[in-house]
>>> print(open('my_file.pdb').read())   # PDB, C-alpha atoms and all ligand atoms
ATOM      1  CA  MET A 120       2.700  -9.582   7.490
ATOM      2  CA  ILE A 121       4.705  -6.562   8.582
ATOM      3  CA  THR A 122       2.831  -4.618  11.278
ATOM      4  CA  HIS A 123       5.813  -2.740  12.747
ATOM      5  CA  ASP A 124       7.756   0.254  11.478
ATOM      6  CA  LEU A 125      10.742   0.998  13.697
ATOM      7  CA  HIS A 126      12.218   3.900  11.727
ATOM      8  CA  THR A 127      10.145   6.924  10.685
ATOM      9  CA  HIS A 128      10.414  10.710  10.554
ATOM     10  CA  ILE A 129       6.758  11.285  11.296
ATOM     11  CA  LEU A 130       6.977  13.306  14.522
ATOM     12  CA  PRO A 131       6.140  16.786  13.218
ATOM     13  CA  GLY A 132       8.504  19.739  13.200
ATOM     14  CA  VAL A 133      11.477  18.021  14.837
ATOM     15  CA  ASP A 134      13.618  17.203  11.783
ATOM     16  CA  ASP A 135      13.417  17.084   7.983
ATOM     17  CA  GLY A 136      10.418  14.724   8.106
ATOM     18  CA  ALA A 137       6.754  15.673   8.601
ATOM     19  CA  LYS A 138       6.358  19.431   8.835
ATOM     20  CA  ASN A 139       3.057  19.520  10.701
ATOM     21  CA  SER A 140       0.416  17.281  12.278
ATOM     22  CA  GLU A 141      -1.549  17.045   9.049
ATOM     23  CA  ASP A 142       1.458  15.645   7.145
ATOM     24  CA  ALA A 143       2.260  13.334  10.035
ATOM     25  CA  LEU A 144      -1.271  11.905  10.193
ATOM     26  CA  ARG A 145      -1.236  11.352   6.436
ATOM     27  CA  LEU A 146       1.888   9.194   6.843
ATOM     28  CA  ILE A 147       0.402   7.285   9.768
ATOM     29  CA  ASN A 148      -2.805   6.620   7.829
ATOM     30  CA  ALA A 149      -0.819   5.409   4.815
ATOM     31  CA  LEU A 150       1.081   2.973   7.048
ATOM     32  CA  TRP A 151      -2.114   1.850   8.752
ATOM     33  CA  ARG A 152      -3.807   1.098   5.425
ATOM     34  CA  GLN A 153      -0.930  -1.306   4.722
ATOM     35  CA  GLY A 154      -1.364  -3.084   8.030
ATOM     36  CA  VAL A 155       1.352  -1.247   9.982
ATOM     37  CA  LYS A 156      -0.076  -0.535  13.416
ATOM     38  CA  ASN A 157       3.028  -0.280  15.608
ATOM     39  CA  ILE A 158       5.147   2.729  14.780
ATOM     40  CA  CYS A 159       8.325   4.185  16.255
ATOM     41  CA  LEU A 160       8.820   7.905  15.805
ATOM     42  CA  THR A 161      12.565   8.344  15.344
ATOM     43  CA  PRO A 162      13.554  11.927  14.494
ATOM     44  CA  HIS A 163      17.173  12.660  13.604
ATOM     45  CA  PHE A 164      19.381  13.596  16.519
ATOM     46  CA  TYR A 165      22.675  15.079  15.347
ATOM     47  CA  THR A 166      24.891  14.666  18.355
ATOM     48  CA  HIS A 167      27.560  17.089  17.058
ATOM     49  CA  LYS A 168      24.987  19.885  16.677
ATOM     50  CA  GLU A 169      22.762  19.640  19.730
ATOM     51  CA  SER A 170      22.866  18.407  23.329
ATOM     52  CA  VAL A 171      20.858  15.356  24.407
ATOM     53  CA  GLU A 172      18.844  17.627  26.694
ATOM     54  CA  ASP A 173      17.879  20.064  23.946
ATOM     55  CA  PHE A 174      16.968  17.277  21.519
ATOM     56  CA  LEU A 175      14.808  15.506  24.086
ATOM     57  CA  SER A 176      13.026  18.698  25.035
ATOM     58  CA  ARG A 177      12.192  19.453  21.355
ATOM     59  CA  ARG A 178      10.992  15.865  20.915
ATOM     60  CA  THR A 179       8.832  16.023  24.043
ATOM     61  CA  GLU A 180       7.280  19.310  22.982
ATOM     62  CA  SER A 181       6.241  17.901  19.609
ATOM     63  CA  ALA A 182       5.083  14.581  21.095
ATOM     64  CA  ASN A 183       2.903  16.334  23.680
ATOM     65  CA  SER A 184       0.926  18.141  21.026
ATOM     66  CA  PHE A 185       0.956  15.387  18.374
ATOM     67  CA  LEU A 186       0.344  12.118  20.229
ATOM     68  CA  PRO A 187      -3.213  13.002  21.375
ATOM     69  CA  LEU A 188      -4.133  13.266  17.655
ATOM     70  CA  VAL A 189      -3.006   9.725  16.797
ATOM     71  CA  PRO A 190      -5.882   7.219  16.375
ATOM     72  CA  GLU A 191      -6.170   4.825  19.316
ATOM     73  CA  ASN A 192      -5.734   1.717  17.189
ATOM     74  CA  ILE A 193      -2.142   2.747  16.415
ATOM     75  CA  SER A 194       0.543   1.912  18.924
ATOM     76  CA  ILE A 195       3.299   4.547  19.067
ATOM     77  CA  LYS A 196       6.749   4.575  20.647
ATOM     78  CA  LEU A 197       9.205   7.433  20.749
ATOM     79  CA  GLY A 198      12.799   6.958  19.714
ATOM     80  CA  ALA A 199      15.534   8.750  17.810
ATOM     81  CA  GLU A 200      17.845   8.167  14.901
ATOM     82  CA  VAL A 201      21.037   8.976  16.711
ATOM     83  CA  PHE A 202      23.999  10.132  14.619
ATOM     84  CA  VAL A 203      26.885   8.653  16.543
ATOM     85  CA  THR A 204      29.844  10.971  17.159
ATOM     86  CA  LYS A 205      32.213  11.407  20.106
ATOM     87  CA  TYR A 206      29.833  14.067  21.454
ATOM     88  CA  LEU A 207      27.229  11.414  22.224
ATOM     89  CA  PHE A 208      29.477  10.164  25.010
ATOM     90  CA  SER A 209      30.933  13.489  26.142
ATOM     91  CA  GLU A 210      28.091  14.479  28.458
ATOM     92  CA  GLU A 211      28.356  11.269  30.475
ATOM     93  CA  ARG A 212      24.620  11.189  30.883
ATOM     94  CA  ASP A 213      22.118   8.373  30.691
ATOM     95  CA  LEU A 214      21.519   7.628  27.011
ATOM     96  CA  ARG A 215      18.555   5.346  27.642
ATOM     97  CA  PRO A 216      15.959   8.067  26.819
ATOM     98  CA  LEU A 217      17.285   7.993  23.236
ATOM     99  CA  CYS A 218      16.475   4.288  22.898
ATOM    100  CA  ILE A 219      13.155   3.082  21.528
ATOM    101  CA  GLU A 220      10.809   3.770  24.445
ATOM    102  CA  ASN A 221      11.183   1.287  27.313
ATOM    103  CA  THR A 222      13.776  -0.784  25.474
ATOM    104  CA  ASN A 223      17.577  -0.967  25.166
ATOM    105  CA  TYR A 224      17.485  -0.667  21.378
ATOM    106  CA  MET A 225      18.880   2.517  19.860
ATOM    107  CA  LEU A 226      18.712   3.465  16.185
ATOM    108  CA  THR A 227      22.335   4.452  15.563
ATOM    109  CA  GLU A 228      23.423   6.122  12.367
ATOM    110  CA  PHE A 229      27.115   6.472  11.455
ATOM    111  CA  PRO A 230      28.762   8.665   8.807
ATOM    112  CA  TYR A 231      28.150   6.968   5.452
ATOM    113  CA  GLU A 232      31.884   6.988   4.732
ATOM    114  CA  ALA A 233      32.530   5.035   7.971
ATOM    115  CA  ARG A 234      34.872   2.110   7.385
ATOM    116  CA  PHE A 235      33.821   0.322  10.592
ATOM    117  CA  ARG A 236      37.395  -0.364  11.552
ATOM    118  CA  GLY A 237      38.516   2.257  14.079
ATOM    119  CA  SER A 238      36.393   4.798  15.888
ATOM    120  CA  SER A 239      32.996   3.489  14.790
ATOM    121  CA  MET A 240      33.851   0.009  16.110
ATOM    122  CA  ARG A 241      34.973   1.536  19.417
ATOM    123  CA  GLN A 242      31.692   3.468  19.566
ATOM    124  CA  VAL A 243      29.693   0.286  18.942
ATOM    125  CA  THR A 244      31.639  -1.405  21.752
ATOM    126  CA  ARG A 245      31.009   1.568  24.039
ATOM    127  CA  LEU A 246      27.274   1.412  23.373
ATOM    128  CA  ARG A 247      27.246  -2.333  24.026
ATOM    129  CA  ASP A 248      29.153  -1.752  27.282
ATOM    130  CA  LEU A 249      26.421   0.691  28.301
ATOM    131  CA  GLY A 250      23.854  -2.061  27.765
ATOM    132  CA  ILE A 251      22.533  -0.539  24.552
ATOM    133  CA  ILE A 252      21.765  -2.642  21.488
ATOM    134  CA  PRO A 253      22.470  -0.573  18.382
ATOM    135  CA  VAL A 254      20.103  -0.921  15.432
ATOM    136  CA  LEU A 255      21.930   0.160  12.273
ATOM    137  CA  PRO A 256      19.535   1.996   9.951
ATOM    138  CA  HIS A 257      19.596   1.535   6.154
ATOM    139  CA  VAL A 258      22.614  -0.761   5.887
ATOM    140  CA  GLU A 259      22.531  -0.188   2.128
ATOM    141  CA  ARG A 260      23.924   3.329   2.572
ATOM    142  CA  TYR A 261      27.282   2.126   3.902
ATOM    143  CA  PRO A 262      29.575   1.196   1.006
ATOM    144  CA  ALA A 263      32.082  -0.418   3.403
ATOM    145  CA  LEU A 264      29.417  -2.829   4.671
ATOM    146  CA  MET A 265      27.936  -3.538   1.261
ATOM    147  CA  LYS A 266      31.382  -4.462  -0.031
ATOM    148  CA  ASP A 267      32.637  -6.515   2.879
ATOM    149  CA  ARG A 268      30.474  -9.326   4.212
ATOM    150  CA  GLY A 269      33.086 -10.075   6.902
ATOM    151  CA  LEU A 270      32.675  -6.606   8.375
ATOM    152  CA  LEU A 271      28.915  -6.950   8.470
ATOM    153  CA  GLN A 272      29.330 -10.349  10.096
ATOM    154  CA  GLU A 273      31.584  -8.806  12.743
ATOM    155  CA  LEU A 274      28.953  -6.171  13.571
ATOM    156  CA  VAL A 275      26.276  -8.837  13.855
ATOM    157  CA  TYR A 276      28.537 -10.849  16.188
ATOM    158  CA  MET A 277      28.916  -7.688  18.278
ATOM    159  CA  GLY A 278      25.145  -7.692  18.690
ATOM    160  CA  LEU A 279      24.097  -5.089  16.132
ATOM    161  CA  ILE A 280      20.658  -5.335  14.592
ATOM    162  CA  ILE A 281      20.636  -4.506  10.884
ATOM    163  CA  GLN A 282      17.774  -2.514   9.339
ATOM    164  CA  SER A 283      17.056  -1.890   5.673
ATOM    165  CA  ASN A 284      14.673   0.623   4.090
ATOM    166  CA  ALA A 285      11.660  -0.813   2.281
ATOM    167  CA  VAL A 286      12.096   1.654  -0.564
ATOM    168  CA  SER A 287      15.610   0.369  -1.296
ATOM    169  CA  PHE A 288      14.134  -2.949  -2.438
ATOM    170  CA  THR A 289      12.476  -1.038  -5.289
ATOM    171  CA  GLU A 290      15.797   0.332  -6.554
ATOM    172  CA  ALA A 291      17.184  -1.656  -9.479
ATOM    173  CA  ARG A 292      20.853  -0.999  -8.658
ATOM    174  CA  ILE A 293      20.651  -2.518  -5.203
ATOM    175  CA  LYS A 294      17.635  -4.778  -4.773
ATOM    176  CA  ARG A 295      19.321  -8.059  -5.722
ATOM    177  CA  LYS A 296      22.138  -7.456  -3.279
ATOM    178  CA  LEU A 297      19.629  -6.692  -0.528
ATOM    179  CA  LEU A 298      17.677  -9.871  -1.274
ATOM    180  CA  LYS A 299      20.888 -11.834  -0.868
ATOM    181  CA  LEU A 300      21.696 -10.183   2.446
ATOM    182  CA  LEU A 301      18.143 -10.864   3.568
ATOM    183  CA  ARG A 302      18.268 -14.544   2.567
ATOM    184  CA  ASP A 303      21.622 -14.916   4.334
ATOM    185  CA  GLY A 304      20.241 -13.431   7.560
ATOM    186  CA  TYR A 305      22.065 -10.092   7.525
ATOM    187  CA  ILE A 306      18.965  -7.920   7.410
ATOM    188  CA  HIS A 307      16.880  -8.250  10.552
ATOM    189  CA  VAL A 308      14.366  -5.437  10.267
ATOM    190  CA  LEU A 309      12.534  -3.756   7.401
ATOM    191  CA  SER A 310      11.343  -0.180   8.005
ATOM    192  CA  SER A 311      10.060   2.716   5.934
ATOM    193  CA  ASP A 312      12.349   5.557   7.127
ATOM    194  CA  THR A 313       9.529   7.673   5.745
ATOM    195  CA  HIS A 314       9.971  11.446   5.701
ATOM    196  CA  SER A 315       6.989  12.301   3.476
ATOM    197  CA  MET A 316       4.683  10.707   0.896
ATOM    198  CA  GLU A 317       7.436  11.425  -1.647
ATOM    199  CA  ARG A 318      10.627  10.828   0.302
ATOM    200  CA  ASN A 319      10.832   7.174   1.352
ATOM    201  CA  SER A 320       7.113   6.825   0.808
ATOM    202  CA  PRO A 321       5.301   4.665   3.374
ATOM    203  CA  LEU A 322       3.661   2.921   0.412
ATOM    204  CA  ALA A 323       6.955   1.099  -0.249
ATOM    205  CA  VAL A 324       6.233  -1.145   2.743
ATOM    206  CA  SER A 325       3.527  -3.208   1.015
ATOM    207  CA  VAL A 326       5.220  -3.145  -2.405
ATOM    208  CA  THR A 327       8.461  -4.467  -0.911
ATOM    209  CA  GLN A 328       6.674  -6.991   1.244
ATOM    210  CA  GLU A 329       5.077  -8.509  -1.864
ATOM    211  CA  TYR A 330       8.395  -8.437  -3.714
ATOM    212  CA  ILE A 331      10.255 -10.202  -0.894
ATOM    213  CA  ALA A 332       7.468 -12.774  -0.473
ATOM    214  CA  LYS A 333       7.577 -13.527  -4.198
ATOM    215  CA  LYS A 334      11.366 -13.830  -4.347
ATOM    216  CA  CYS A 335      12.141 -15.439  -0.977
ATOM    217  CA  GLY A 336       8.873 -16.795   0.400
ATOM    218  CA  THR A 337       6.650 -15.566   3.196
ATOM    219  CA  GLU A 338       8.745 -17.114   5.997
ATOM    220  CA  ILE A 339      11.244 -14.273   5.672
ATOM    221  CA  ILE A 340       8.459 -11.711   6.058
ATOM    222  CA  GLU A 341       7.308 -13.511   9.212
ATOM    223  CA  LYS A 342      10.888 -13.473  10.515
ATOM    224  CA  LEU A 343      11.241  -9.720   9.845
ATOM    225  CA  GLU A 344       7.948  -9.136  11.634
ATOM    226  CA  LEU A 345       9.003 -11.275  14.595
ATOM    227  CA  ASN A 346      12.330  -9.437  14.924
ATOM    228  CA  ALA A 347      10.602  -6.052  14.861
ATOM    229  CA  SER A 348       7.959  -7.143  17.354
ATOM    230  CA  GLU A 349      10.642  -8.306  19.796
ATOM    231  CA  ILE A 350      12.266  -4.872  19.618
ATOM    232  CA  PHE A 351       8.987  -2.956  19.877
ATOM    233  CA  MET A 352       7.734  -4.872  22.927
TER
HETATM  234 FE    FE A 401      16.046   7.948   9.014
END
>>> encode(input="my_file.pdb", output="structure tokens")
Amino acid sequence: MITHDLHTHILPGVDDGAKNSEDALRLINALWRQGVKNICLTPHFYTHKESVEDFLSRRTESANSFLPLVPENISIKLGAEVFVTKYLFSEERDLRPLCIENTNYMLTEFPYEARFRGSSMRQVTRLRDLGIIPVLPHVERYPALMKDRGLLQELVYMGLIIQSNAVSFTEARIKRKLLKLLRDGYIHVLSSDTHSMERNSPLAVSVTQEYIAKKCGTEIIEKLELNASEIFM
């Protein structure tokens, strides 16, 4: 059973996810009712629009007022969905605070048109050299990776963790392809990427879990859960 969600836009007022504490608690309760008790709050950080400092201070401000409202039986970690551009590296500062709290795992988003041949590969290498393990969110949004298994394989060899959105497994045009990637070991983590009850609804987590269990067996669910728990620890 999936009890971890490593990619959410629940932290209120920081990005295009939850607008206020009420919305945020609704999302947390929806996840909790499905058995998800370990949640990373990963607001968007657009590195070409804002400095690390400014992003972290906005995140801290929201966390300070929101976290005391979260029920005690939910375990929360702060993180960020970092949009990787050259600006991420230009400040030459410690990037560890952008990783999932107390880990070396960073949710790293690339432009969807990325071909993963030139600059994005150099950026992945740079992150690895800094001791950071990139977690690639919603692999299904990168046409280059969905078309080219070799490229995906290369990223996995470089140490990338691949995440897919639960809701994508409910989309007819893509779900079979995702099941294949999952069976072949190219999807390591399943997350909601929830922004609201409508946009990437948290309810997709249980629907997709049942779908995957039916199509591939429960061992894959246990593997996804194990992978997420190792990152969350
Ligand atoms: Fe996201």
>>> residues_near_ligand(input="my_file.pdb", ligand="ligand FE 401 (chain A)", cutoff="10 Å", atoms="only C-alpha atoms and all ligand atoms", output="list in words")
Leu125, His126, Thr127, His128, Asp134, Asp135, Gly136, Leu160, Thr161, Pro162, His163, Phe164, Ala199, Glu200, Val201, Phe202, Leu226, Thr227, Glu228, Pro256, His257, Asn284, Ser310, Ser311, Asp312, Thr313, His314 and Asn319 of chain A
>>> closest_residue(input="my_file.pdb", among="A:Leu130, A:Ile350, A:Leu343, A:Leu279", to="A:Met240", atoms="all atoms listed in the file")
A:Leu279
>>> residues_around(input="my_file.pdb", residues="A:Leu175", least_positions_apart="2", cutoff="12 Å", atoms="all atoms listed in the file", output="list in words")
Val133, Thr161, Pro162, His163, Phe164, Tyr165, Thr166, Glu169, Ser170, Val171, Glu172, Asp173, Arg177, Arg178, Thr179, Glu180, Ser181, Ala182, Asn183, Leu197, Gly198, Ala199, Val201, Leu214, Arg215, Pro216, Leu217 and Cys218 of chain A
>>> closest_residue(input="my_file.pdb", among="A:Pro131, A:Glu210, A:Ser239, A:Ile252", to="A:Ala143", atoms="all atoms listed in the file")
A:Pro131
>>> closest_residue(input="my_file.pdb", among="A:Val254, A:Leu300, A:Leu322, A:Val308", to="A:Gly154", atoms="only C-alpha atoms")
A:Leu322
>>> residues_near_point(input="my_file.pdb", point="(2.9, 3.1, 4.3)", cutoff="8 Å", atoms="only C-alpha atoms", output="ChimeraX atom specification")
/A:146-153,155,311,320-325
>>> closest_residue(input="my_file.pdb", among="A:Arg245, A:Arg212, A:Lys168, A:Lys196", to="A:Phe351", atoms="all atoms listed in the file")
A:Lys196
>>> atom_distance(input="my_file.pdb", atom1="atom CA of A:Leu186", atom2="atom CA of A:Ser140")
9.5 Å
>>> closest_residue(input="my_file.pdb", among="A:Glu191, A:Glu220, A:Asp124, A:Asp213", to="A:Met352", atoms="all atoms listed in the file")
A:Glu220
>>> atom_distance(input="my_file.pdb", atom1="atom CA of A:Ile281", atom2="atom CA of A:Leu207")
20.6 Å
>>> atom_distance(input="my_file.pdb", atom1="atom CA of A:Val286", atom2="atom CA of A:Ile121")
14.3 Å
